[in-house]
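Q: protein-v3.txt (compact mmCIF, C-alpha atoms) pasted underneath:
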```txt
# COMPACT_ATOMS: atom_id res chain seq x y z
CA MET A 1 27.92 8.61 35.06
CA GLU A 2 26.69 5.03 35.31
CA PRO A 3 23.81 3.84 33.07
CA ARG A 4 21.44 3.54 36.03
CA GLU A 5 22.30 7.05 37.21
CA TYR A 6 21.68 8.39 33.71
CA LYS A 7 18.32 6.63 33.45
CA ASP A 8 17.18 7.84 36.85
CA GLU A 9 18.17 11.42 36.10
CA VAL A 10 16.77 11.71 32.59
CA PHE A 11 13.47 10.05 33.50
CA GLY A 12 13.31 12.34 36.50
CA HIS A 13 13.37 15.29 34.13
CA PHE A 14 10.61 13.71 32.06
CA ALA A 15 8.60 13.39 35.26
CA ARG A 16 8.99 17.13 35.90
CA ILE A 17 6.74 17.76 32.90
CA GLY A 18 4.16 15.34 34.25
CA ALA A 19 4.35 17.02 37.65
CA ALA A 20 3.88 20.45 36.08
CA PHE A 21 0.66 19.21 34.47
CA GLY A 22 -0.31 17.50 37.72
CA HIS A 23 -2.87 20.03 38.95
CA ALA A 24 -6.24 20.94 37.44
CA LYS A 25 -5.59 24.67 37.69
CA ARG A 26 -2.24 24.39 35.89
CA VAL A 27 -3.83 22.39 33.09
CA GLU A 28 -6.52 25.07 32.81
CA ILE A 29 -3.84 27.79 32.73
CA VAL A 30 -2.26 26.06 29.74
CA ASP A 31 -5.69 25.87 28.09
CA VAL A 32 -6.20 29.62 28.55
CA LEU A 33 -2.67 30.52 27.42
CA ALA A 34 -3.23 28.49 24.25
CA GLN A 35 -5.54 31.38 23.25
CA GLY A 36 -2.82 34.01 23.80
CA GLU A 37 -0.71 35.62 26.48
CA ARG A 38 -2.26 36.79 29.76
CA SER A 39 -1.34 38.77 32.84
CA VAL A 40 -1.34 37.00 36.19
CA GLU A 41 -4.41 38.99 37.22
CA SER A 42 -6.32 38.04 34.08
CA LEU A 43 -5.40 34.37 34.47
CA ALA A 44 -6.53 34.41 38.10
CA GLY A 45 -9.94 35.64 37.00
CA GLN A 46 -10.18 33.09 34.20
CA ILE A 47 -9.40 30.09 36.42
CA SER A 48 -11.26 31.39 39.51
CA ALA A 49 -8.19 31.40 41.75
CA SER A 50 -6.40 34.00 43.84
CA VAL A 51 -3.54 35.96 42.29
CA ALA A 52 -1.15 34.41 44.82
CA ASN A 53 -2.15 30.83 43.96
CA THR A 54 -2.12 31.59 40.24
CA SER A 55 1.40 33.02 40.56
CA ARG A 56 2.52 29.85 42.33
CA HIS A 57 1.08 27.65 39.60
CA LEU A 58 2.81 29.79 36.97
CA GLN A 59 6.11 29.45 38.80
CA ILE A 60 5.80 25.65 38.66
CA LEU A 61 4.98 25.75 34.94
CA ALA A 62 7.88 28.14 34.34
CA SER A 63 10.34 25.94 36.28
CA ALA A 64 9.50 23.11 33.89
CA GLY A 65 10.03 25.43 30.92
CA LEU A 66 6.40 25.32 29.84
CA VAL A 67 5.67 29.05 30.08
CA THR A 68 7.67 32.24 29.77
CA ARG A 69 6.92 35.73 30.97
CA ARG A 70 7.58 39.37 30.20
CA VAL A 71 7.07 42.51 32.26
CA GLU A 72 4.55 45.07 31.07
CA GLY A 73 4.44 48.04 33.42
CA THR A 74 3.64 46.61 36.81
CA SER A 75 2.18 43.38 35.41
CA ARG A 76 3.79 40.07 34.56
CA VAL A 77 2.45 38.68 31.30
CA TYR A 78 2.75 34.96 30.58
CA ARG A 79 2.61 32.90 27.43
CA LEU A 80 3.26 29.28 26.43
CA ALA A 81 6.93 28.67 25.81
CA ASP A 82 6.37 27.18 22.34
CA PRO A 83 3.81 25.26 20.25
CA ALA A 84 5.04 21.94 21.68
CA VAL A 85 3.47 22.85 25.03
CA GLU A 86 0.02 23.19 23.46
CA ALA A 87 0.61 19.94 21.55
CA GLY A 88 1.48 18.23 24.83
CA TYR A 89 -1.69 19.57 26.40
CA HIS A 90 -3.81 18.21 23.55
CA THR A 91 -2.09 14.83 23.90
CA LEU A 92 -2.92 14.84 27.60
CA VAL A 93 -6.57 15.62 26.83
CA ALA A 94 -6.72 12.90 24.16
CA LEU A 95 -5.33 10.32 26.59
CA ALA A 96 -7.90 11.30 29.21
CA GLU A 97 -10.72 11.10 26.66
CA GLN A 98 -9.58 7.66 25.56
CA HIS A 99 -8.84 6.08 28.93
CA ILE A 100 -11.06 7.83 31.49
CA ALA A 101 -14.72 7.15 30.79
CA GLU A 102 -15.83 9.84 33.22
CA VAL A 103 -14.51 12.56 30.90
CA THR A 104 -17.02 11.80 28.16
CA ALA A 105 -19.87 11.07 30.57
CA LEU A 106 -19.31 14.26 32.54
CA THR A 107 -19.02 16.38 29.41
CA GLU A 108 -22.16 14.98 27.79
CA ALA A 109 -24.17 15.41 30.98
CA PHE A 110 -23.00 18.98 31.52
CA PHE A 111 -23.66 20.27 28.01
CA GLU A 112 -26.99 18.47 27.76
CA LYS A 113 -28.15 20.36 30.84
CA ALA A 114 -26.37 23.62 29.93
CA ASP A 115 -27.82 24.17 26.46
CA GLY A 116 -29.42 20.95 25.25
CA ALA A 117 -27.89 21.50 21.83
CA ARG A 118 -25.96 18.95 19.84
CA PRO A 119 -22.67 20.52 18.77
CA VAL A 120 -22.18 21.30 15.10
CA SER A 121 -19.18 19.60 13.50
CA PHE A 122 -16.93 21.51 11.13
CA THR A 123 -18.31 19.51 8.20
CA GLU A 124 -21.89 20.26 9.25
CA PHE A 125 -21.00 23.93 9.57
CA ASP A 126 -19.70 23.91 5.98
CA GLU A 127 -23.01 22.44 4.84
CA MET A 128 -24.96 25.05 6.79
CA THR A 129 -23.04 27.92 5.18
CA ARG A 130 -23.69 26.50 1.72
CA SER A 131 -27.39 26.05 2.31
CA GLY A 132 -28.23 29.34 3.96
CA HIS A 133 -27.30 32.30 6.12
CA VAL A 134 -25.28 31.45 9.22
CA LEU A 135 -23.90 33.94 11.70
CA LEU A 136 -20.69 32.65 13.24
CA VAL A 137 -20.10 34.22 16.65
CA ASP A 138 -16.88 34.15 18.65
CA VAL A 139 -17.88 34.59 22.29
CA ARG A 140 -14.36 34.85 23.71
CA PRO A 141 -13.00 38.08 25.20
CA PRO A 142 -11.88 40.71 22.66
CA SER A 143 -8.20 40.14 23.44
CA GLU A 144 -8.48 36.50 22.39
CA PHE A 145 -10.46 37.40 19.28
CA ALA A 146 -7.70 39.86 18.30
CA THR A 147 -5.01 37.24 18.81
CA GLY A 148 -6.72 35.00 16.26
CA HIS A 149 -10.22 34.03 15.17
CA VAL A 150 -12.16 32.10 12.56
CA ASP A 151 -12.37 33.97 9.27
CA GLY A 152 -15.82 35.56 8.98
CA ALA A 153 -16.66 35.39 12.69
CA VAL A 154 -17.99 38.35 14.66
CA ASN A 155 -16.98 38.89 18.26
CA ILE A 156 -19.79 39.07 20.79
CA PRO A 157 -18.29 38.25 24.20
CA VAL A 158 -20.58 36.42 26.59
CA ALA A 159 -20.46 39.42 28.95
CA GLU A 160 -21.89 41.65 26.19
CA LEU A 161 -24.45 39.22 24.81
CA ALA A 162 -27.43 40.49 26.81
CA THR A 163 -27.01 44.03 25.46
CA ARG A 164 -26.33 42.96 21.88
CA ILE A 165 -28.95 40.28 21.31
CA GLY A 166 -31.42 42.94 20.16
CA ALA A 167 -29.11 43.86 17.27
CA LEU A 168 -29.11 40.33 15.87
CA PRO A 169 -31.50 39.54 13.00
CA PRO A 170 -34.55 37.73 14.40
CA ASP A 171 -34.13 35.02 11.75
CA ALA A 172 -30.43 34.59 12.48
CA ASN A 173 -29.05 31.07 12.60
CA VAL A 174 -26.20 31.47 15.07
CA VAL A 175 -23.28 29.10 15.55
CA ALA A 176 -21.14 30.06 18.54
CA TYR A 177 -17.63 28.97 19.43
CA CYS A 178 -15.08 29.68 22.12
CA ARG A 179 -11.82 28.06 23.27
CA GLY A 180 -12.52 24.43 22.55
CA PRO A 181 -14.74 21.43 23.33
CA TYR A 182 -14.42 21.90 27.10
CA CYS A 183 -15.02 25.66 27.14
CA VAL A 184 -18.41 26.62 28.58
CA MET A 185 -18.74 30.15 27.17
CA ALA A 186 -20.31 29.06 23.87
CA SER A 187 -22.78 26.86 25.71
CA SER A 188 -23.84 29.80 27.91
CA ALA A 189 -24.28 31.96 24.82
CA VAL A 190 -26.37 29.32 23.05
CA ALA A 191 -28.67 28.96 26.04
CA ARG A 192 -29.23 32.74 26.25
CA LEU A 193 -29.82 33.06 22.51
CA ARG A 194 -32.37 30.26 22.51
CA GLU A 195 -34.16 31.81 25.46
CA SER A 196 -34.45 34.96 23.31
CA GLY A 197 -35.99 33.01 20.43
CA ILE A 198 -32.90 32.90 18.25
CA ALA A 199 -31.83 29.62 16.67
CA ALA A 200 -28.38 28.78 17.99
CA ALA A 201 -25.93 25.91 18.38
CA ARG A 202 -22.31 25.64 19.38
CA LEU A 203 -19.42 24.54 17.21
CA ALA A 204 -17.97 21.18 18.23
CA GLY A 205 -14.46 22.63 18.39
CA GLY A 206 -13.08 26.02 19.28
CA TYR A 207 -10.61 28.36 17.66
CA PRO A 208 -7.55 26.14 18.32
CA GLU A 209 -9.18 23.10 16.72
CA TRP A 210 -10.32 25.17 13.73
CA ARG A 211 -6.82 26.63 13.30
CA ASP A 212 -5.09 23.27 13.71
CA ALA A 213 -7.39 21.75 11.06
CA GLY A 214 -5.87 24.20 8.58
CA ARG A 215 -9.07 26.17 8.18
CA PRO A 216 -9.02 29.92 7.41
CA VAL A 217 -8.25 32.19 10.33
CA VAL A 218 -7.57 35.88 10.83
CA VAL A 219 -4.94 37.26 13.16
CA GLY A 220 -5.68 40.72 14.53
CA GLY A 221 -8.73 42.88 14.08
CA THR A 222 -11.75 43.72 16.17
CA ALA A 223 -15.40 42.75 16.21
```
In C-alpha cells, what does this structure look like?
A:
Amino acid sequence: MEPREYKDEVFGHFARIGAAFGHAKRVEIVDVLAQGERSVESLAGQISASVANTSRHLQILASAGLVTRRVEGTSRVYRLADPAVEAGYHTLVALAEQHIAEVTALTEAFFEKADGARPVSFTEFDEMTRSGHVLLVDVRPPSEFATGHVDGAVNIPVAELATRIGALPPDANVVAYCRGPYCVMASSAVARLRESGIAAARLAGGYPEWRDAGRPVVVGGTA
C-alpha cells in the first residue's frame, strides 16, 4: 500500500465516526444511552422518532462500532460500546459549546423561559446541604435511576410528579437533576414545583457530570 492510499483509507475510517455522529437524532441516542441500555422501542419514545427510523439510526451507530446490542425476548436492547463513546460525545458537545455561539444563546433562552431558575452548581449545592435541608430529586425514569444515581437522591419521575407533589414537605427546598445540562426534564419539574409553591431549582449538571466529577453515586436501588 502506498502512503497516499494508507492516508486516504485511515482518514476515511476516522470520518466514519464523524458521519455516525452526523445527525441530531443519533447524537441524542448516544446521550440517552449514556444513562444506560435501552430497547429500540424505548429509544424511539425518548427521541420522538418512529421505531423504523430509530432502528436505522442505531444500525449506522453500530456499523461505526459505537453501540452494541443484545436480544431480550422479542426486543433488541442497545448500549454504548464502551466509555470512549460517551467521552467522544462529551468532546463533541464541548466543541459545539466553544465554537458555536448559538448553543449557549439557545440554551439560555430556553431555560429562562422554561423555569426562570438559575441552575445550582455542584459547589453551591454543597453549600446548600451544609446550611440547611435540601431534597435532591432525580426526575429521570426509574430504569435510569436504578442504573446509577446521585447518593442521597430520591426518584420522582416527571411523569409521576403531579401525583407526588402533595407528599413533599411544604417547606422543602428541592434541587432537581436529570441527564445533563441539555436535558429538559429537570426544568419541567422545577416549573411544576414552583407553580405548587415549593422552592425548587435545577442542578447545573446531571448524573453523568456528577459521576464523572468523582462525586458519590449509587448503582442499583429504587426510589
Q: In terms of the shortest atom-to-atom distance over only C-alpha atoms, which of A:Ala87, A:Ala201, A:Ala117, A:Val93 is closest to Leu136 of chain A?
A: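 Ranking A:Ala87, A:Ala201, A:Ala117, A:Val93 by distance to Leu136 of chain A, first place goes to A:Ala201.
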Q: Return the single residue from A:Tyr182, A:Glu195, A:Glu5, A:Phe14 that is closest to Thr104 of chain A, with distances computed using only C-alpha atoms.
A: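 Checking each candidate against Thr104 of chain A, we get A:Tyr182 as the closest.
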Q: At a cut-off of 8 Å, using only C-alpha atoms, what residues contact segment 162-173 of chain A? Leave out same-chain residues fewer than 2 positions from it and give the result as a PyMOL selection string.
A: chain A and resi 133-135+156+158-160+175+192-193+196-200
Q: One decimal, Å: what's the distance from atom CA of Ala81 of chain A over to atom CA of Val137 of chain A, could you say?
A: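 Between atom CA of Ala81 of chain A and atom CA of Val137 of chain A the gap works out to 29.1 Å.
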Q: Contacts of His90 of chain A at 12 Å or less, counting only C-alpha atoms, minus same-chain residues fewer than 5 places along, as number ranges by chain?
A: A: 21, 27-28, 30-31, 34, 83-85, 95-97, 180-182, 208-209, 212
Q: Could you name the residues that touch Glu108 of chain A at 12 Å or less, counting only C-alpha atoms, but leaving out those on the same chain fewer than 4 positions away, as JSON, numbers by chain?
A: {"A": [101, 102, 103, 104, 112, 113, 114, 115, 116, 117, 118, 119, 181, 182]}
Q: Would you mind listing what lies within 12 Å of Ser48 of chain A as a list in words, with only C-alpha atoms counted and same-chain residues fewer than 5 positions away left out?
A: Ala24, Lys25, Arg26, Glu28, Ile29, Val40, Glu41, Ser42, Leu43, Asn53 and Thr54 of chain A
Q: Taking C-alpha atoms for each residue, export the selection above as an mmCIF file, in the frame of the given file.
A:
```
data_model
loop_
_atom_site.group_PDB
_atom_site.id
_atom_site.type_symbol
_atom_site.label_atom_id
_atom_site.label_comp_id
_atom_site.auth_asym_id
_atom_site.auth_seq_id
_atom_site.Cartn_x
_atom_site.Cartn_y
_atom_site.Cartn_z
ATOM 1 C CA ALA A 24 -6.240 20.940 37.440
ATOM 2 C CA LYS A 25 -5.590 24.670 37.690
ATOM 3 C CA ARG A 26 -2.240 24.390 35.890
ATOM 4 C CA GLU A 28 -6.520 25.070 32.810
ATOM 5 C CA ILE A 29 -3.840 27.790 32.730
ATOM 6 C CA VAL A 40 -1.340 37.000 36.190
ATOM 7 C CA GLU A 41 -4.410 38.990 37.220
ATOM 8 C CA SER A 42 -6.320 38.040 34.080
ATOM 9 C CA LEU A 43 -5.400 34.370 34.470
ATOM 10 C CA ASN A 53 -2.150 30.830 43.960
ATOM 11 C CA THR A 54 -2.120 31.590 40.240
#
```
Q: Do you have the atom CA of Gly36 of chain A-atom CA of Ser143 of chain A distance handy?
A: 8.2 Å
Q: How far is it from atom CA of Arg56 of chain A to atom CA of Arg38 of chain A, in Å with one decimal?
A: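 Result for atom CA of Arg56 of chain A versus atom CA of Arg38 of chain A: 15.1 Å, one decimal.
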Q: Which residue gives the smallest distance to Ala62 of chain A among A:Ala44, A:Ala213, A:Val174, A:Leu80, with all atoms listed in the file counted?
A: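 Nearest to Ala62 of chain A: A:Leu80.
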